[in-house]
Amino acid sequence: MNVRPFRRVLVANRGEIAVRVLTACRTAGLSTVAVASEADVGSRHARLADELVVLGPAPARESYLDAGKVLDAARATGADAVHPGFGFLSENAAFARAVLDAGLVWVGPPPAAIEAMGLKVPSRERMRAAGVPVVPGTHDLTAEGIASIGFPLVVKASAGGGGKGMRVVRSEGELASAVASCRAEAEAAFGDPTLYAERYLERPRHVEIQVLGDVHGRVVALGERECSLQRRHQKVVEESPSPVVTPGLRARMSDAAVAAATAVGYVNAGTVEFLLDTDGSFFFLEMNTRLQVE
(Lines give C-alpha, C1' and ligand atoms only; values in the text may rest on other atoms or scores of the structure.)
Protein backbone atom coordinates (compact mmCIF):
# COMPACT_ATOMS: atom_id res chain seq x y z
CA MET A 1 0.00 0.00 0.00
CA ASN A 2 1.28 3.44 -0.96
CA VAL A 3 1.46 5.51 2.23
CA ARG A 4 3.91 8.24 1.34
CA PRO A 5 3.01 11.81 2.34
CA PHE A 6 0.77 13.71 -0.06
CA ARG A 7 -0.10 17.37 -0.58
CA ARG A 8 -2.87 17.53 -3.19
CA VAL A 9 -6.00 15.40 -2.94
CA LEU A 10 -8.59 14.68 -5.59
CA VAL A 11 -11.96 13.89 -3.99
CA ALA A 12 -13.77 11.47 -6.29
CA ASN A 13 -17.26 12.22 -5.06
CA ARG A 14 -19.96 14.87 -4.80
CA GLY A 15 -22.46 16.30 -2.34
CA GLU A 16 -22.13 16.55 1.42
CA ILE A 17 -19.61 13.74 1.77
CA ALA A 18 -17.30 15.52 -0.70
CA VAL A 19 -17.76 18.77 1.21
CA ARG A 20 -16.77 17.07 4.46
CA VAL A 21 -13.63 15.54 2.93
CA LEU A 22 -12.65 18.78 1.18
CA THR A 23 -13.13 20.74 4.41
CA ALA A 24 -10.98 18.25 6.33
CA CYS A 25 -8.25 18.54 3.68
CA ARG A 26 -8.31 22.32 3.89
CA THR A 27 -8.03 22.15 7.68
CA ALA A 28 -5.01 19.86 7.27
CA GLY A 29 -3.36 22.32 4.88
CA LEU A 30 -3.79 20.15 1.79
CA SER A 31 -4.73 21.54 -1.60
CA THR A 32 -7.77 19.95 -3.23
CA VAL A 33 -9.27 18.98 -6.54
CA ALA A 34 -12.99 18.36 -7.00
CA VAL A 35 -14.64 16.47 -9.81
CA ALA A 36 -18.17 17.13 -10.98
CA SER A 37 -20.65 16.21 -13.65
CA GLU A 38 -21.92 18.97 -15.89
CA ALA A 39 -25.03 19.13 -13.71
CA ASP A 40 -23.00 19.71 -10.53
CA VAL A 41 -20.66 22.46 -11.69
CA GLY A 42 -22.33 25.04 -9.45
CA SER A 43 -22.64 22.80 -6.41
CA ARG A 44 -21.08 23.51 -3.06
CA HIS A 45 -18.42 20.82 -3.32
CA ALA A 46 -17.37 22.05 -6.77
CA ARG A 47 -16.98 25.62 -5.46
CA LEU A 48 -15.12 24.59 -2.32
CA ALA A 49 -12.09 22.95 -3.96
CA ASP A 50 -8.97 24.72 -5.17
CA GLU A 51 -9.48 23.26 -8.64
CA LEU A 52 -12.40 21.68 -10.47
CA VAL A 53 -12.47 19.10 -13.25
CA VAL A 54 -15.73 18.50 -15.11
CA LEU A 55 -15.94 14.77 -15.84
CA GLY A 56 -18.87 14.65 -18.25
CA PRO A 57 -22.67 14.52 -18.49
CA ALA A 58 -25.00 14.17 -15.52
CA PRO A 59 -25.46 10.36 -15.54
CA ALA A 60 -23.03 8.93 -12.99
CA ARG A 61 -21.82 6.22 -15.33
CA GLU A 62 -20.60 8.97 -17.68
CA SER A 63 -18.95 11.02 -14.95
CA TYR A 64 -18.39 9.93 -11.33
CA LEU A 65 -18.33 6.19 -12.13
CA ASP A 66 -15.90 6.53 -15.03
CA ALA A 67 -12.65 5.48 -13.35
CA GLY A 68 -10.57 6.44 -16.36
CA LYS A 69 -11.86 10.00 -16.33
CA VAL A 70 -11.23 10.31 -12.59
CA LEU A 71 -7.64 9.11 -12.97
CA ASP A 72 -7.08 11.43 -15.93
CA ALA A 73 -8.32 14.31 -13.77
CA ALA A 74 -5.84 13.39 -11.03
CA ARG A 75 -2.94 13.31 -13.48
CA ALA A 76 -3.94 16.55 -15.20
CA THR A 77 -4.16 18.51 -11.95
CA GLY A 78 -1.07 17.12 -10.28
CA ALA A 79 -2.98 15.40 -7.50
CA ASP A 80 -0.86 12.88 -5.65
CA ALA A 81 -3.73 11.27 -3.70
CA VAL A 82 -7.30 10.18 -4.37
CA HIS A 83 -10.01 10.08 -1.70
CA PRO A 84 -13.11 8.16 -2.86
CA GLY A 85 -15.53 9.45 -0.23
CA PHE A 86 -18.73 7.42 0.10
CA GLY A 87 -20.51 5.58 -2.70
CA PHE A 88 -19.58 5.62 -6.39
CA LEU A 89 -16.05 4.12 -6.64
CA SER A 90 -15.34 3.93 -2.91
CA GLU A 91 -15.67 0.12 -2.64
CA ASN A 92 -14.34 -0.65 -6.10
CA ALA A 93 -11.19 -2.73 -5.66
CA ALA A 94 -10.23 -2.38 -9.33
CA PHE A 95 -10.32 1.41 -9.07
CA ALA A 96 -8.31 1.38 -5.84
CA ARG A 97 -5.71 -0.81 -7.52
CA ALA A 98 -5.62 1.48 -10.58
CA VAL A 99 -4.98 4.49 -8.34
CA LEU A 100 -2.06 2.71 -6.70
CA ASP A 101 -0.72 1.47 -10.04
CA ALA A 102 -0.72 5.07 -11.25
CA GLY A 103 1.68 5.93 -8.43
CA LEU A 104 -0.91 7.84 -6.41
CA VAL A 105 -1.90 7.47 -2.76
CA TRP A 106 -5.25 5.73 -2.27
CA VAL A 107 -6.92 7.20 0.82
CA GLY A 108 -8.87 4.06 1.63
CA PRO A 109 -8.49 0.40 2.53
CA PRO A 110 -6.22 -1.92 0.54
CA PRO A 111 -7.81 -3.38 -2.61
CA ALA A 112 -7.39 -6.88 -1.18
CA ALA A 113 -9.47 -5.94 1.88
CA ILE A 114 -12.20 -4.47 -0.32
CA GLU A 115 -12.29 -7.69 -2.34
CA ALA A 116 -12.25 -9.90 0.76
CA MET A 117 -15.33 -8.23 2.22
CA GLY A 118 -17.10 -7.45 -1.04
CA LEU A 119 -19.03 -10.73 -1.33
CA LYS A 120 -20.99 -12.13 1.58
CA VAL A 121 -20.33 -15.84 1.00
CA PRO A 122 -16.50 -15.70 1.03
CA SER A 123 -16.47 -13.02 3.74
CA ARG A 124 -18.61 -15.25 5.99
CA GLU A 125 -16.10 -18.06 5.59
CA ARG A 126 -13.19 -15.77 6.29
CA MET A 127 -14.88 -14.45 9.43
CA ARG A 128 -15.67 -17.95 10.63
CA ALA A 129 -11.99 -18.88 10.23
CA ALA A 130 -11.02 -15.76 12.22
CA GLY A 131 -13.28 -16.75 15.12
CA VAL A 132 -15.89 -14.06 14.45
CA PRO A 133 -19.42 -15.38 15.09
CA VAL A 134 -21.58 -15.74 11.97
CA VAL A 135 -25.22 -16.74 11.64
CA PRO A 136 -25.50 -20.48 10.88
CA GLY A 137 -25.96 -20.83 7.13
CA THR A 138 -25.24 -22.81 3.99
CA HIS A 139 -24.46 -22.37 0.30
CA ASP A 140 -26.48 -25.51 -0.55
CA LEU A 141 -30.00 -24.28 -1.21
CA THR A 142 -31.59 -27.71 -1.74
CA ALA A 143 -34.00 -29.07 0.83
CA GLU A 144 -31.23 -31.35 2.08
CA GLY A 145 -28.74 -28.51 2.29
CA ILE A 146 -30.88 -26.32 4.51
CA ALA A 147 -31.90 -29.12 6.88
CA SER A 148 -29.23 -28.03 9.38
CA ILE A 149 -30.64 -24.49 9.50
CA GLY A 150 -34.33 -25.16 9.75
CA PHE A 151 -37.13 -22.64 9.25
CA PRO A 152 -37.55 -19.75 9.23
CA LEU A 153 -34.49 -18.89 7.16
CA VAL A 154 -33.49 -16.05 4.87
CA VAL A 155 -32.14 -16.40 1.35
CA LYS A 156 -29.63 -13.70 0.46
CA ALA A 157 -27.60 -12.56 -2.53
CA SER A 158 -23.86 -12.91 -1.96
CA ALA A 159 -23.20 -9.59 -3.70
CA GLY A 160 -26.30 -7.97 -2.22
CA GLY A 161 -27.17 -5.09 0.02
CA GLY A 162 -30.11 -2.91 0.94
CA GLY A 163 -32.50 -5.85 1.02
CA LYS A 164 -32.16 -6.66 -2.68
CA GLY A 165 -32.02 -10.35 -3.56
CA MET A 166 -33.29 -11.30 -0.11
CA ARG A 167 -36.38 -13.27 0.96
CA VAL A 168 -37.57 -14.73 4.27
CA VAL A 169 -38.67 -18.36 3.89
CA ARG A 170 -40.86 -19.90 6.58
CA SER A 171 -41.54 -23.32 5.09
CA GLU A 172 -40.04 -25.78 2.63
CA GLY A 173 -42.86 -25.10 0.19
CA GLU A 174 -41.74 -21.48 -0.16
CA LEU A 175 -38.08 -22.28 -0.81
CA ALA A 176 -38.02 -22.89 -4.58
CA SER A 177 -39.91 -19.71 -5.50
CA ALA A 178 -37.84 -17.62 -3.07
CA VAL A 179 -34.60 -18.93 -4.54
CA ALA A 180 -35.78 -18.25 -8.10
CA SER A 181 -36.89 -14.67 -7.35
CA CYS A 182 -33.76 -13.86 -5.32
CA ARG A 183 -31.51 -15.23 -8.05
CA ALA A 184 -33.22 -13.15 -10.74
CA GLU A 185 -33.13 -10.01 -8.60
CA ALA A 186 -29.47 -10.53 -7.67
CA GLU A 187 -28.50 -11.00 -11.32
CA ALA A 188 -30.36 -7.83 -12.34
CA ALA A 189 -29.11 -5.67 -9.46
CA PHE A 190 -25.54 -6.91 -8.98
CA GLY A 191 -24.68 -9.01 -12.03
CA ASP A 192 -24.05 -11.96 -9.72
CA PRO A 193 -26.73 -14.62 -9.06
CA THR A 194 -24.86 -16.34 -6.21
CA LEU A 195 -27.09 -16.98 -3.19
CA TYR A 196 -26.80 -18.45 0.28
CA ALA A 197 -29.18 -19.12 3.15
CA GLU A 198 -28.88 -18.46 6.86
CA ARG A 199 -31.03 -18.81 9.95
CA TYR A 200 -33.60 -16.02 10.18
CA LEU A 201 -33.46 -14.02 13.41
CA GLU A 202 -36.97 -12.79 14.15
CA ARG A 203 -36.31 -9.54 16.03
CA PRO A 204 -32.60 -8.75 15.95
CA ARG A 205 -31.03 -5.36 16.45
CA HIS A 206 -28.63 -3.98 13.88
CA VAL A 207 -25.49 -2.71 15.62
CA GLU A 208 -22.41 -1.41 13.83
CA ILE A 209 -18.91 -1.04 15.24
CA GLN A 210 -16.65 1.68 13.83
CA VAL A 211 -13.06 0.54 13.32
CA LEU A 212 -9.85 2.28 12.33
CA GLY A 213 -6.74 0.48 11.14
CA ASP A 214 -3.22 1.76 10.45
CA VAL A 215 -0.48 0.48 8.16
CA HIS A 216 1.35 -1.15 11.08
CA GLY A 217 -1.39 -3.73 11.60
CA ARG A 218 -3.03 -2.00 14.56
CA VAL A 219 -6.84 -1.88 14.57
CA VAL A 220 -9.01 -0.15 17.15
CA ALA A 221 -12.77 -0.06 17.69
CA LEU A 222 -14.27 3.39 18.25
CA GLY A 223 -17.73 2.54 19.55
CA GLU A 224 -21.07 1.45 18.14
CA ARG A 225 -24.09 2.81 16.33
CA GLU A 226 -27.60 1.46 16.87
CA CYS A 227 -29.15 1.12 13.39
CA SER A 228 -32.27 -0.94 14.08
CA LEU A 229 -34.82 1.65 12.98
CA GLN A 230 -35.09 0.80 9.27
CA ARG A 231 -37.51 0.95 6.38
CA ARG A 232 -37.20 -1.69 3.67
CA HIS A 233 -33.83 -2.72 5.09
CA GLN A 234 -32.49 0.84 4.79
CA LYS A 235 -31.39 2.61 7.97
CA VAL A 236 -33.52 5.61 8.89
CA VAL A 237 -32.15 6.70 12.28
CA GLU A 238 -28.82 5.88 13.92
CA GLU A 239 -28.06 6.33 17.59
CA SER A 240 -24.76 6.27 19.42
CA PRO A 241 -24.18 4.75 21.86
CA SER A 242 -26.74 1.99 21.49
CA PRO A 243 -29.30 2.01 24.34
CA VAL A 244 -29.07 -1.78 24.72
CA VAL A 245 -25.33 -2.40 24.49
CA THR A 246 -23.80 -2.91 27.94
CA PRO A 247 -20.10 -2.31 28.65
CA GLY A 248 -19.45 -6.06 28.58
CA LEU A 249 -21.31 -6.58 25.31
CA ARG A 250 -19.57 -3.55 23.81
CA ALA A 251 -16.20 -5.05 24.67
CA ARG A 252 -17.09 -8.40 23.09
CA MET A 253 -18.49 -6.84 19.94
CA SER A 254 -15.50 -4.51 19.66
CA ASP A 255 -13.12 -7.45 19.97
CA ALA A 256 -15.01 -9.26 17.21
CA ALA A 257 -14.91 -6.18 14.97
CA VAL A 258 -11.17 -5.80 15.50
CA ALA A 259 -10.66 -9.49 14.71
CA ALA A 260 -12.72 -9.10 11.52
CA ALA A 261 -10.73 -6.10 10.31
CA THR A 262 -7.39 -7.65 11.29
CA ALA A 263 -8.24 -10.83 9.37
CA VAL A 264 -8.32 -8.91 6.08
CA GLY A 265 -5.40 -6.57 6.79
CA TYR A 266 -7.69 -3.57 7.04
CA VAL A 267 -6.31 -0.04 6.85
CA ASN A 268 -8.35 3.19 7.14
CA ALA A 269 -11.85 3.78 8.50
CA GLY A 270 -14.43 1.02 8.19
CA THR A 271 -17.58 -0.38 9.75
CA VAL A 272 -18.30 -3.93 10.88
CA GLU A 273 -22.01 -4.68 11.05
CA PHE A 274 -23.57 -7.19 13.44
CA LEU A 275 -27.00 -8.64 14.14
CA LEU A 276 -27.72 -8.66 17.88
CA ASP A 277 -30.22 -11.32 18.91
CA THR A 278 -32.67 -11.04 21.79
CA ASP A 279 -30.60 -13.41 23.94
CA GLY A 280 -27.50 -11.19 23.70
CA SER A 281 -25.70 -13.28 21.09
CA PHE A 282 -24.42 -11.42 18.04
CA PHE A 283 -23.35 -12.37 14.54
CA PHE A 284 -21.27 -10.84 11.76
CA LEU A 285 -23.40 -9.38 8.97
CA GLU A 286 -20.99 -7.56 6.67
CA MET A 287 -18.20 -4.98 6.58
CA ASN A 288 -18.39 -1.60 4.87
CA THR A 289 -14.89 -1.12 3.47
CA ARG A 290 -15.10 2.64 3.21
CA LEU A 291 -15.64 5.86 5.05
CA GLN A 292 -19.15 5.55 6.45
CA VAL A 293 -21.67 8.18 5.39
CA GLU A 294 -22.63 8.81 9.02
# chains A, B, ... in the order shown; residues from 1 in each chain; ligands from 1
$ residues_around --residues "Tyr196 of chain A" --least-positions-apart "3" --cutoff "8 Å" --atoms "only C-alpha atoms" --output "ChimeraX atom specification"
/A:121,137-141,155-158
$ residues_around --residues "segment 176-181 of chain A" --least-positions-apart "3" --cutoff "7 Å" --atoms "only C-alpha atoms" --output "list of chain:residue names"
A:Val155, A:Arg167, A:Ala184, A:Glu185
$ write_last_selection --atoms "N, CA and C atoms" --output "PDB file, in the first residue's frame"
ATOM      1  N   VAL A 155     -32.985 -16.226   2.532  1.00  0.00           N
ATOM      2  CA  VAL A 155     -32.143 -16.404   1.347  1.00  0.00           C
ATOM      3  C   VAL A 155     -31.586 -15.035   0.980  1.00  0.00           C
ATOM      4  N   ARG A 167     -35.011 -12.844   0.634  1.00  0.00           N
ATOM      5  CA  ARG A 167     -36.375 -13.266   0.959  1.00  0.00           C
ATOM      6  C   ARG A 167     -36.363 -14.098   2.238  1.00  0.00           C
ATOM      7  N   ALA A 184     -32.938 -14.088  -9.650  1.00  0.00           N
ATOM      8  CA  ALA A 184     -33.219 -13.152 -10.737  1.00  0.00           C
ATOM      9  C   ALA A 184     -32.941 -11.708 -10.303  1.00  0.00           C
ATOM     10  N   GLU A 185     -33.342 -11.370  -9.093  1.00  0.00           N
ATOM     11  CA  GLU A 185     -33.127 -10.013  -8.596  1.00  0.00           C
ATOM     12  C   GLU A 185     -31.648  -9.727  -8.394  1.00  0.00           C
TER      13      GLU A 185
END
$ atom_distance --atom1 "atom CA of Pro111 of chain A" --atom2 "atom CA of Thr289 of chain A"
9.6 Å
$ residues_around --residues "Ala98 of chain A" --least-positions-apart "6" --cutoff "10 Å" --atoms "only C-alpha atoms" --output "count of residues only"
6
$ closest_residue --among "A:Pro247, A:Pro5, A:Pro133, A:Gly150" --to "Asp80 of chain A" --atoms "only C-alpha atoms"
A:Pro5
$ closest_residue --among "A:Val35, A:Val244, A:Ile149, A:Leu48" --to "Asp66 of chain A" --atoms "only C-alpha atoms"
A:Val35
$ atom_distance --atom1 "atom CA of Ala251 of chain A" --atom2 "atom CA of Val220 of chain A"
11.5 Å
$ residues_around --residues "Leu201 of chain A" --least-positions-apart "4" --cutoff "9 Å" --atoms "only C-alpha atoms" --output "PyMOL selection string"
chain A and resi 135+152-154+275+277-278
$ select_by_dssp --residues "segment 39-114 of chain A" --states "helix (DSSP H, G or I)" --output "ChimeraX atom specification"
/A:39-40,44-48,60-62,67-77,93-101,111-114
$ write_last_selection --atoms "N, CA and C atoms" --output "mmCIF file, in the first residue's frame"
data_model
loop_
_atom_site.group_PDB
_atom_site.id
_atom_site.type_symbol
_atom_site.label_atom_id
_atom_site.label_comp_id
_atom_site.auth_asym_id
_atom_site.auth_seq_id
_atom_site.Cartn_x
_atom_site.Cartn_y
_atom_site.Cartn_z
ATOM 1 N N ALA A 39 -23.895 18.671 -14.503
ATOM 2 C CA ALA A 39 -25.031 19.129 -13.711
ATOM 3 C C ALA A 39 -24.622 19.674 -12.351
ATOM 4 N N ASP A 40 -23.424 19.325 -11.886
ATOM 5 C CA ASP A 40 -23.000 19.705 -10.535
ATOM 6 C C ASP A 40 -21.951 20.813 -10.501
ATOM 7 N N ARG A 44 -21.955 23.057 -4.136
ATOM 8 C CA ARG A 44 -21.075 23.515 -3.059
ATOM 9 C C ARG A 44 -19.721 22.829 -3.103
ATOM 10 N N HIS A 45 -19.701 21.516 -3.328
ATOM 11 C CA HIS A 45 -18.417 20.816 -3.320
ATOM 12 C C HIS A 45 -17.540 21.290 -4.484
ATOM 13 N N ALA A 46 -18.149 21.592 -5.620
ATOM 14 C CA ALA A 46 -17.372 22.055 -6.772
ATOM 15 C C ALA A 46 -16.766 23.435 -6.515
ATOM 16 N N ARG A 47 -17.471 24.274 -5.766
ATOM 17 C CA ARG A 47 -16.975 25.620 -5.462
ATOM 18 C C ARG A 47 -15.961 25.632 -4.327
ATOM 19 N N LEU A 48 -15.979 24.598 -3.506
ATOM 20 C CA LEU A 48 -15.124 24.587 -2.320
ATOM 21 C C LEU A 48 -13.672 24.225 -2.625
ATOM 22 N N ALA A 60 -24.240 9.291 -13.738
ATOM 23 C CA ALA A 60 -23.035 8.930 -12.985
ATOM 24 C C ALA A 60 -22.107 8.016 -13.780
ATOM 25 N N ARG A 61 -22.671 7.142 -14.572
ATOM 26 C CA ARG A 61 -21.823 6.219 -15.334
ATOM 27 C C ARG A 61 -20.957 6.952 -16.360
ATOM 28 N N GLU A 62 -21.363 8.177 -16.716
ATOM 29 C CA GLU A 62 -20.599 8.971 -17.675
ATOM 30 C C GLU A 62 -19.727 10.012 -16.986
ATOM 31 N N ALA A 67 -13.953 5.493 -14.041
ATOM 32 C CA ALA A 67 -12.654 5.476 -13.349
ATOM 33 C C ALA A 67 -11.554 6.094 -14.192
ATOM 34 N N GLY A 68 -11.586 5.869 -15.491
ATOM 35 C CA GLY A 68 -10.567 6.439 -16.360
ATOM 36 C C GLY A 68 -10.573 7.947 -16.349
ATOM 37 N N LYS A 69 -11.765 8.538 -16.372
ATOM 38 C CA LYS A 69 -11.864 9.998 -16.333
ATOM 39 C C LYS A 69 -11.365 10.552 -15.001
ATOM 40 N N VAL A 70 -11.685 9.848 -13.913
ATOM 41 C CA VAL A 70 -11.231 10.314 -12.593
ATOM 42 C C VAL A 70 -9.708 10.273 -12.508
ATOM 43 N N LEU A 71 -9.099 9.200 -12.989
ATOM 44 C CA LEU A 71 -7.636 9.109 -12.971
ATOM 45 C C LEU A 71 -7.004 10.148 -13.884
ATOM 46 N N ASP A 72 -7.598 10.391 -15.037
ATOM 47 C CA ASP A 72 -7.084 11.432 -15.931
ATOM 48 C C ASP A 72 -7.133 12.794 -15.248
ATOM 49 N N ALA A 73 -8.196 13.041 -14.489
ATOM 50 C CA ALA A 73 -8.319 14.310 -13.772
ATOM 51 C C ALA A 73 -7.224 14.457 -12.727
ATOM 52 N N ALA A 74 -6.912 13.349 -12.038
ATOM 53 C CA ALA A 74 -5.845 13.392 -11.027
ATOM 54 C C ALA A 74 -4.503 13.711 -11.678
ATOM 55 N N ARG A 75 -4.222 13.077 -12.790
ATOM 56 C CA ARG A 75 -2.943 13.313 -13.477
ATOM 57 C C ARG A 75 -2.863 14.748 -13.994
ATOM 58 N N ALA A 76 -3.945 15.231 -14.574
ATOM 59 C CA ALA A 76 -3.941 16.552 -15.197
ATOM 60 C C ALA A 76 -3.774 17.679 -14.183
ATOM 61 N N THR A 77 -4.211 17.457 -12.970
ATOM 62 C CA THR A 77 -4.164 18.507 -11.951
ATOM 63 C C THR A 77 -3.006 18.351 -10.973
ATOM 64 N N ALA A 93 -12.582 -2.299 -5.831
ATOM 65 C CA ALA A 93 -11.193 -2.727 -5.656
ATOM 66 C C ALA A 93 -10.359 -2.460 -6.908
ATOM 67 N N ALA A 94 -10.969 -2.621 -8.090
ATOM 68 C CA ALA A 94 -10.229 -2.380 -9.333
ATOM 69 C C ALA A 94 -9.806 -0.923 -9.440
ATOM 70 N N PHE A 95 -10.674 -0.014 -9.030
ATOM 71 C CA PHE A 95 -10.321 1.407 -9.069
ATOM 72 C C PHE A 95 -9.219 1.717 -8.055
ATOM 73 N N ALA A 96 -9.349 1.162 -6.858
ATOM 74 C CA ALA A 96 -8.310 1.376 -5.842
ATOM 75 C C ALA A 96 -6.960 0.894 -6.347
ATOM 76 N N ARG A 97 -6.963 -0.268 -6.991
ATOM 77 C CA ARG A 97 -5.710 -0.812 -7.522
ATOM 78 C C ARG A 97 -5.169 0.068 -8.660
ATOM 79 N N ALA A 98 -6.050 0.612 -9.485
ATOM 80 C CA ALA A 98 -5.625 1.484 -10.579
ATOM 81 C C ALA A 98 -5.005 2.766 -10.048
ATOM 82 N N VAL A 99 -5.552 3.292 -8.966
ATOM 83 C CA VAL A 99 -4.979 4.489 -8.343
ATOM 84 C C VAL A 99 -3.557 4.204 -7.858
ATOM 85 N N LEU A 100 -3.376 3.090 -7.193
ATOM 86 C CA LEU A 100 -2.058 2.714 -6.696
ATOM 87 C C LEU A 100 -1.092 2.440 -7.847
ATOM 88 N N ASP A 101 -1.571 1.767 -8.887
ATOM 89 C CA ASP A 101 -0.719 1.468 -10.036
ATOM 90 C C ASP A 101 -0.280 2.740 -10.759
ATOM 91 N N PRO A 111 -6.912 -2.680 -1.675
ATOM 92 C CA PRO A 111 -7.808 -3.379 -2.607
ATOM 93 C C PRO A 111 -8.133 -4.803 -2.173
ATOM 94 N N ALA A 112 -7.145 -5.504 -1.613
ATOM 95 C CA ALA A 112 -7.394 -6.881 -1.184
ATOM 96 C C ALA A 112 -8.444 -6.946 -0.080
ATOM 97 N N ALA A 113 -8.469 -5.957 0.812
ATOM 98 C CA ALA A 113 -9.474 -5.936 1.883
ATOM 99 C C ALA A 113 -10.855 -5.643 1.313
ATOM 100 N N ILE A 114 -10.927 -4.756 0.330
ATOM 101 C CA ILE A 114 -12.200 -4.470 -0.321
ATOM 102 C C ILE A 114 -12.745 -5.732 -0.980
#
$ closest_residue --among "A:Arg124, A:Arg225, A:Ala28, A:Ala79" --to "Pro243 of chain A" --atoms "only C-alpha atoms"
A:Arg225
$ select_by_dssp --residues "segment 42-259 of chain A" --states "strand (DSSP E)" --output "VMD selection string"
chain A and resid 51 to 56 81 to 83 105 to 106 137 to 138 153 to 157 167 to 169 195 to 199 205 to 213 219 to 231 234 to 239
$ atom_distance --atom1 "atom CA of Arg128 of chain A" --atom2 "atom CA of Val107 of chain A"
28.4 Å
$ closest_residue --among "A:Phe6, A:Asn13, A:Ser90, A:Tyr64" --to "Gly78 of chain A" --atoms "only C-alpha atoms"
A:Phe6
